[in-house]
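Visitor: Just passing along the structure, written as structure tokens.
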Amino acid sequence: QVQLVESGGGLAQVGESLRLSCAASRSVPSMYPMAWYRQAPGKQRDWIARIDVNGLTQYADSVKGRFTISRNNIKNTVYLQMSSLQPEDTALYYCKFDTKIGTFWGQGIQVTVSS
């Protein structure tokens with residue numbers, strides 16, 4: 001089993017930046033896509049960013065141009081650099097790894113943007 005541990009969340013003011021990290025608890029064989037999702041209170045969990053094995057990235061329109069996903073394959077870690085944060089970015093953020101041995105989710109980390 002692989003545990004994903006997220007860090008870097010917290011409270012930010014409008015316009016500020018935060019960087020989330022998500023690391024696997026152990027080495028995972030082969031390369032695999034990594035993604036970030038978020039779930040605002042009372043809403044469904046939505047996909048927001050993805051990075052494939054070649055480093056190709058995709059973003060939801062809601063975060064395009066403000067958020068950047070990246071990965072460190074040696075550390076089995078994915079990052080989400082969030083800039084120009086807005087109150088509507090307030091949510092629980094989850095990472096997901098789609099590996100050959102299974103799909104794994106992080107436990108979720110809170111990001112709150114205050115105006």
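In the structure tokens, chains take letters A, B, ... by order of appearance, with residues numbered from 1 within each chain and ligands from 1 in the order shown.
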If we count only C-alpha atoms and set the cut-off at 12 Å, which residues sit around range 17-20 of chain A, ignoring sequence neighbours fewer than 5 positions away in its own chain? Please answer as a tab-separated table (two decimals) with all heavy atoms, in the first residue's frame.
Guide:
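Result file is out-v2.tsv:
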chain	number	residue	atom	x	y	z
A	5	VAL	N	1.18	11.75	1.42
A	5	VAL	CA	1.17	12.74	2.50
A	5	VAL	C	1.28	14.14	1.91
A	5	VAL	O	2.28	14.46	1.25
A	5	VAL	CB	2.33	12.49	3.49
A	5	VAL	CG1	2.29	13.52	4.60
A	5	VAL	CG2	2.23	11.07	4.06
A	6	GLU	N	0.27	14.93	2.17
A	6	GLU	CA	0.23	16.30	1.64
A	6	GLU	C	0.72	17.28	2.69
A	6	GLU	O	0.54	17.07	3.89
A	6	GLU	CB	-1.20	16.66	1.23
A	6	GLU	CG	-1.70	15.84	0.06
A	6	GLU	CD	-3.18	15.56	0.14
A	6	GLU	OE1	-3.75	15.68	1.24
A	6	GLU	OE2	-3.78	15.22	-0.89
A	7	SER	N	1.28	18.38	2.22
A	7	SER	CA	1.74	19.43	3.12
A	7	SER	C	1.70	20.76	2.40
A	7	SER	O	1.59	20.81	1.17
A	7	SER	CB	3.15	19.13	3.62
A	7	SER	OG	4.06	19.05	2.55
A	8	GLY	N	1.80	21.86	3.18
A	8	GLY	CA	1.91	23.17	2.59
A	8	GLY	C	0.63	24.00	2.57
A	8	GLY	O	0.64	25.15	2.13
A	9	GLY	N	-0.46	23.43	3.01
A	9	GLY	CA	-1.71	24.18	3.02
A	9	GLY	C	-1.75	25.19	4.16
A	9	GLY	O	-0.79	25.38	4.88
A	10	GLY	N	-2.91	25.83	4.31
A	10	GLY	CA	-3.07	26.78	5.38
A	10	GLY	C	-3.89	27.98	4.96
A	10	GLY	O	-4.71	27.91	4.04
A	11	LEU	N	-3.64	29.09	5.62
A	11	LEU	CA	-4.40	30.32	5.40
A	11	LEU	C	-3.58	31.30	4.57
A	11	LEU	O	-2.38	31.49	4.83
A	11	LEU	CB	-4.75	30.95	6.74
A	11	LEU	CG	-5.54	32.26	6.71
A	11	LEU	CD1	-6.92	32.04	6.10
A	11	LEU	CD2	-5.65	32.83	8.12
A	12	ALA	N	-4.22	31.91	3.58
A	12	ALA	CA	-3.56	32.92	2.75
A	12	ALA	C	-4.52	34.08	2.54
A	12	ALA	O	-5.74	33.92	2.63
A	12	ALA	CB	-3.15	32.32	1.41
A	35	ALA	N	-1.95	13.99	-10.15
A	35	ALA	CA	-2.97	15.03	-10.33
A	35	ALA	C	-3.35	15.66	-8.99
A	35	ALA	O	-3.08	15.10	-7.92
A	35	ALA	CB	-4.22	14.44	-10.99
A	36	TRP	N	-3.96	16.82	-9.10
A	36	TRP	CA	-4.53	17.50	-7.94
A	36	TRP	C	-6.03	17.72	-8.17
A	36	TRP	O	-6.46	18.05	-9.29
A	36	TRP	CB	-3.87	18.85	-7.71
A	36	TRP	CG	-2.49	18.77	-7.14
A	36	TRP	CD1	-1.31	18.79	-7.84
A	36	TRP	CD2	-2.14	18.66	-5.76
A	36	TRP	NE1	-0.26	18.70	-6.97
A	36	TRP	CE2	-0.73	18.61	-5.69
A	36	TRP	CE3	-2.87	18.58	-4.57
A	36	TRP	CZ2	-0.04	18.50	-4.48
A	36	TRP	CZ3	-2.19	18.47	-3.37
A	36	TRP	CH2	-0.79	18.43	-3.33
A	37	TYR	N	-6.79	17.54	-7.10
A	37	TYR	CA	-8.22	17.81	-7.10
A	37	TYR	C	-8.50	18.74	-5.91
A	37	TYR	O	-7.67	18.90	-5.01
A	37	TYR	CB	-9.01	16.52	-6.89
A	37	TYR	CG	-9.01	15.57	-8.06
A	37	TYR	CD1	-7.85	14.89	-8.45
A	37	TYR	CD2	-10.17	15.32	-8.79
A	37	TYR	CE1	-7.84	14.02	-9.52
A	37	TYR	CE2	-10.18	14.44	-9.86
A	37	TYR	CZ	-9.01	13.80	-10.22
A	37	TYR	OH	-9.02	12.93	-11.27
A	66	ARG	N	-2.72	30.51	-13.13
A	66	ARG	CA	-2.42	30.87	-11.74
A	66	ARG	C	-1.73	29.74	-10.98
A	66	ARG	O	-0.93	29.99	-10.09
A	66	ARG	CB	-3.71	31.24	-11.00
A	66	ARG	CG	-4.46	32.41	-11.59
A	66	ARG	CD	-5.62	32.83	-10.69
A	66	ARG	NE	-6.59	31.76	-10.52
A	66	ARG	CZ	-6.95	31.25	-9.34
A	66	ARG	NH1	-6.39	31.70	-8.24
A	66	ARG	NH2	-7.86	30.28	-9.27
A	67	PHE	N	-2.06	28.50	-11.32
A	67	PHE	CA	-1.50	27.34	-10.64
A	67	PHE	C	-0.54	26.61	-11.58
A	67	PHE	O	-0.76	26.56	-12.79
A	67	PHE	CB	-2.61	26.37	-10.23
A	67	PHE	CG	-3.51	26.85	-9.12
A	67	PHE	CD1	-3.48	28.17	-8.69
A	67	PHE	CD2	-4.40	25.97	-8.53
A	67	PHE	CE1	-4.32	28.61	-7.68
A	67	PHE	CE2	-5.25	26.39	-7.51
A	67	PHE	CZ	-5.22	27.71	-7.10
A	68	THR	N	0.50	26.02	-10.98
A	68	THR	CA	1.47	25.25	-11.74
A	68	THR	C	1.73	23.93	-11.04
A	68	THR	O	2.09	23.91	-9.86
A	68	THR	CB	2.80	26.01	-11.88
A	68	THR	OG1	2.56	27.28	-12.52
A	68	THR	CG2	3.79	25.22	-12.71
A	69	ILE	N	1.55	22.84	-11.78
A	69	ILE	CA	1.84	21.51	-11.24
A	69	ILE	C	3.22	21.08	-11.72
A	69	ILE	O	3.61	21.37	-12.86
A	69	ILE	CB	0.75	20.49	-11.67
A	69	ILE	CG1	0.95	19.16	-10.96
A	69	ILE	CG2	0.71	20.33	-13.19
A	69	ILE	CD1	-0.22	18.18	-11.18
A	70	SER	N	3.96	20.41	-10.85
A	70	SER	CA	5.27	19.89	-11.23
A	70	SER	C	5.53	18.61	-10.44
A	70	SER	O	4.79	18.30	-9.51
A	70	SER	CB	6.37	20.93	-10.95
A	70	SER	OG	6.41	21.28	-9.58
A	71	ARG	N	6.58	17.90	-10.82
A	71	ARG	CA	6.85	16.63	-10.16
A	71	ARG	C	8.34	16.40	-9.99
A	71	ARG	O	9.15	16.93	-10.76
A	71	ARG	CB	6.24	15.47	-10.97
A	71	ARG	CG	6.79	15.35	-12.38
A	71	ARG	CD	5.95	14.35	-13.21
A	71	ARG	NE	6.11	12.99	-12.72
A	71	ARG	CZ	5.27	12.01	-13.00
A	71	ARG	NH1	4.19	12.25	-13.71
A	71	ARG	NH2	5.48	10.80	-12.55
A	77	THR	N	7.17	12.74	-5.69
A	77	THR	CA	6.46	13.89	-5.14
A	77	THR	C	5.88	14.75	-6.25
A	77	THR	O	6.51	14.93	-7.29
A	77	THR	CB	7.42	14.73	-4.27
A	77	THR	OG1	7.93	13.92	-3.20
A	77	THR	CG2	6.70	15.93	-3.68
A	78	VAL	N	4.69	15.26	-5.99
A	78	VAL	CA	4.06	16.21	-6.90
A	78	VAL	C	3.83	17.50	-6.12
A	78	VAL	O	3.58	17.48	-4.92
A	78	VAL	CB	2.74	15.66	-7.47
A	78	VAL	CG1	1.69	15.45	-6.39
A	78	VAL	CG2	2.21	16.55	-8.58
A	79	TYR	N	3.92	18.61	-6.85
A	79	TYR	CA	3.77	19.93	-6.24
A	79	TYR	C	2.66	20.70	-6.94
A	79	TYR	O	2.35	20.45	-8.11
A	79	TYR	CB	5.07	20.73	-6.36
A	79	TYR	CG	6.27	20.04	-5.79
A	79	TYR	CD1	7.13	19.31	-6.61
A	79	TYR	CD2	6.56	20.10	-4.43
A	79	TYR	CE1	8.23	18.66	-6.11
A	79	TYR	CE2	7.68	19.46	-3.91
A	79	TYR	CZ	8.50	18.74	-4.75
A	79	TYR	OH	9.60	18.09	-4.24
A	80	LEU	N	2.08	21.64	-6.21
A	80	LEU	CA	1.12	22.56	-6.81
A	80	LEU	C	1.45	23.95	-6.30
A	80	LEU	O	1.23	24.26	-5.13
A	80	LEU	CB	-0.32	22.18	-6.45
A	80	LEU	CG	-1.39	23.02	-7.16
A	80	LEU	CD1	-1.39	22.69	-8.67
A	80	LEU	CD2	-2.77	22.76	-6.56
A	81	GLN	N	2.01	24.76	-7.19
A	81	GLN	CA	2.29	26.16	-6.86
A	81	GLN	C	1.06	26.97	-7.19
A	81	GLN	O	0.61	26.99	-8.34
A	81	GLN	CB	3.49	26.65	-7.68
A	81	GLN	CG	3.82	28.12	-7.45
A	81	GLN	CD	4.34	28.38	-6.05
A	81	GLN	OE1	5.19	27.66	-5.55
A	81	GLN	NE2	3.81	29.42	-5.39
A	82	MET	N	0.50	27.63	-6.19
A	82	MET	CA	-0.74	28.38	-6.35
A	82	MET	C	-0.44	29.86	-6.15
A	82	MET	O	0.06	30.27	-5.10
A	82	MET	CB	-1.78	27.90	-5.33
A	82	MET	CG	-2.04	26.41	-5.39
A	82	MET	SD	-3.35	25.88	-4.26
A	82	MET	CE	-2.58	26.22	-2.68
A	83	SER	N	-0.76	30.65	-7.15
A	83	SER	CA	-0.52	32.09	-7.10
A	83	SER	C	-1.82	32.85	-7.30
A	83	SER	O	-2.81	32.29	-7.77
A	83	SER	CB	0.50	32.48	-8.18
A	83	SER	OG	1.71	31.76	-8.03
A	84	SER	N	-1.80	34.13	-6.96
A	84	SER	CA	-2.98	34.98	-7.12
A	84	SER	C	-4.22	34.31	-6.53
A	84	SER	O	-5.27	34.24	-7.17
A	84	SER	CB	-3.20	35.31	-8.60
A	84	SER	OG	-2.07	35.96	-9.15
A	85	LEU	N	-4.08	33.83	-5.32
A	85	LEU	CA	-5.18	33.09	-4.69
A	85	LEU	C	-6.39	33.99	-4.47
A	85	LEU	O	-6.27	35.17	-4.16
A	85	LEU	CB	-4.71	32.49	-3.37
A	85	LEU	CG	-3.81	31.25	-3.52
A	85	LEU	CD1	-3.10	30.94	-2.23
A	85	LEU	CD2	-4.63	30.05	-3.97
A	86	GLN	N	-7.56	33.37	-4.65
A	86	GLN	CA	-8.85	34.05	-4.51
A	86	GLN	C	-9.71	33.29	-3.49
A	86	GLN	O	-9.48	32.11	-3.24
A	86	GLN	CB	-9.56	34.11	-5.85
A	86	GLN	CG	-8.79	34.83	-6.94
A	86	GLN	CD	-8.54	36.29	-6.60
A	86	GLN	OE1	-9.45	37.00	-6.15
A	86	GLN	NE2	-7.32	36.75	-6.82
A	89	ASP	N	-10.85	29.82	-4.19
A	89	ASP	CA	-9.87	28.73	-4.14
A	89	ASP	C	-9.91	27.99	-2.80
A	89	ASP	O	-9.22	26.98	-2.63
A	89	ASP	CB	-8.45	29.25	-4.38
A	89	ASP	CG	-8.27	29.82	-5.78
A	89	ASP	OD1	-8.77	29.21	-6.74
A	89	ASP	OD2	-7.64	30.89	-5.90
A	90	THR	N	-10.69	28.49	-1.86
A	90	THR	CA	-10.83	27.83	-0.56
A	90	THR	C	-11.44	26.45	-0.75
A	90	THR	O	-12.53	26.32	-1.33
A	90	THR	CB	-11.71	28.68	0.37
A	90	THR	OG1	-11.04	29.92	0.64
A	90	THR	CG2	-11.98	27.94	1.67
A	92	LEU	N	-10.64	21.84	0.27
A	92	LEU	CA	-9.73	20.74	0.61
A	92	LEU	C	-9.05	20.30	-0.67
A	92	LEU	O	-9.75	20.03	-1.66
A	92	LEU	CB	-10.49	19.58	1.22
A	92	LEU	CG	-10.64	19.52	2.74
A	92	LEU	CD1	-11.59	18.40	3.12
A	92	LEU	CD2	-9.31	19.35	3.42
A	93	TYR	N	-7.74	20.22	-0.66
A	93	TYR	CA	-6.97	19.84	-1.84
A	93	TYR	C	-6.45	18.41	-1.68
A	93	TYR	O	-5.87	18.08	-0.64
A	93	TYR	CB	-5.82	20.81	-2.07
A	93	TYR	CG	-6.29	22.13	-2.65
A	93	TYR	CD1	-7.01	23.04	-1.87
A	93	TYR	CD2	-6.03	22.47	-3.97
A	93	TYR	CE1	-7.47	24.23	-2.41
A	93	TYR	CE2	-6.47	23.67	-4.51
A	93	TYR	CZ	-7.20	24.54	-3.73
A	93	TYR	OH	-7.64	25.73	-4.26
A	94	TYR	N	-6.64	17.60	-2.73
A	94	TYR	CA	-6.23	16.20	-2.71
A	94	TYR	C	-5.28	15.92	-3.87
A	94	TYR	O	-5.50	16.39	-4.99
A	94	TYR	CB	-7.44	15.29	-2.88
A	94	TYR	CG	-8.47	15.39	-1.80
A	94	TYR	CD1	-9.50	16.32	-1.87
A	94	TYR	CD2	-8.44	14.52	-0.70
A	94	TYR	CE1	-10.46	16.41	-0.88
A	94	TYR	CE2	-9.41	14.60	0.29
A	94	TYR	CZ	-10.41	15.54	0.19
A	94	TYR	OH	-11.36	15.61	1.18
A	95	CYS	N	-4.25	15.11	-3.61
A	95	CYS	CA	-3.42	14.63	-4.69
A	95	CYS	C	-3.83	13.19	-5.03
A	95	CYS	O	-4.41	12.49	-4.18
A	95	CYS	CB	-1.94	14.67	-4.32
A	95	CYS	SG	-1.51	13.78	-2.81
A	106	GLY	N	-4.33	11.26	-1.52
A	106	GLY	CA	-3.91	11.86	-0.26
A	106	GLY	C	-5.11	12.05	0.65
A	106	GLY	O	-6.26	11.88	0.25
A	108	GLY	N	-6.05	14.81	1.99
A	108	GLY	CA	-6.66	16.13	1.84
A	108	GLY	C	-6.00	17.15	2.75
A	108	GLY	O	-5.66	16.84	3.89
A	109	ILE	N	-5.81	18.34	2.22
A	109	ILE	CA	-5.21	19.41	3.01
A	109	ILE	C	-5.99	20.70	2.76
A	109	ILE	O	-6.36	20.99	1.62
A	109	ILE	CB	-3.70	19.58	2.69
A	109	ILE	CG1	-3.03	20.51	3.68
A	109	ILE	CG2	-3.49	20.04	1.25
A	109	ILE	CD1	-1.53	20.43	3.67
A	110	GLN	N	-6.26	21.43	3.82
A	110	GLN	CA	-7.11	22.61	3.73
A	110	GLN	C	-6.32	23.83	3.25
A	110	GLN	O	-5.21	24.10	3.73
A	110	GLN	CB	-7.73	22.92	5.09
A	110	GLN	CG	-8.65	24.13	5.10
A	110	GLN	CD	-9.91	23.90	4.29
A	110	GLN	OE1	-10.48	22.81	4.29
A	110	GLN	NE2	-10.35	24.94	3.57
A	111	VAL	N	-6.93	24.53	2.31
A	111	VAL	CA	-6.44	25.84	1.88
A	111	VAL	C	-7.58	26.82	2.06
A	111	VAL	O	-8.69	26.60	1.55
A	111	VAL	CB	-5.98	25.82	0.41
A	111	VAL	CG1	-5.69	27.24	-0.08
A	111	VAL	CG2	-4.75	24.94	0.24
A	112	THR	N	-7.33	27.87	2.81
A	112	THR	CA	-8.34	28.89	3.05
A	112	THR	C	-7.79	30.24	2.61
A	112	THR	O	-6.72	30.65	3.05
A	112	THR	CB	-8.71	28.94	4.54
A	112	THR	OG1	-9.19	27.65	4.95
A	112	THR	CG2	-9.80	29.98	4.80
A	113	VAL	N	-8.55	30.91	1.75
A	113	VAL	CA	-8.13	32.21	1.25
A	113	VAL	C	-9.08	33.26	1.82
A	113	VAL	O	-10.28	33.22	1.59
A	113	VAL	CB	-8.13	32.26	-0.28
A	113	VAL	CG1	-7.60	33.62	-0.77
A	113	VAL	CG2	-7.27	31.13	-0.84
Visitor: So that I can check the surroundings of Gln3 in chain A, please list as an NGL selection string every protein, DNA and RNA residue that reaches within 9 Å of it, counting only C-alpha atoms and ignoring chain neighbours fewer than 4 positions away.
Guide: :A and (23-26 or 104-107)
Visitor: Which residues are near Ser115 in chain A? Cut-off 7 Å, only C-alpha atoms, ignore same chain within fewer than 6 positions. Put them as a list in words.
Guide: Gln13, Val14 and Pro87 of chain A
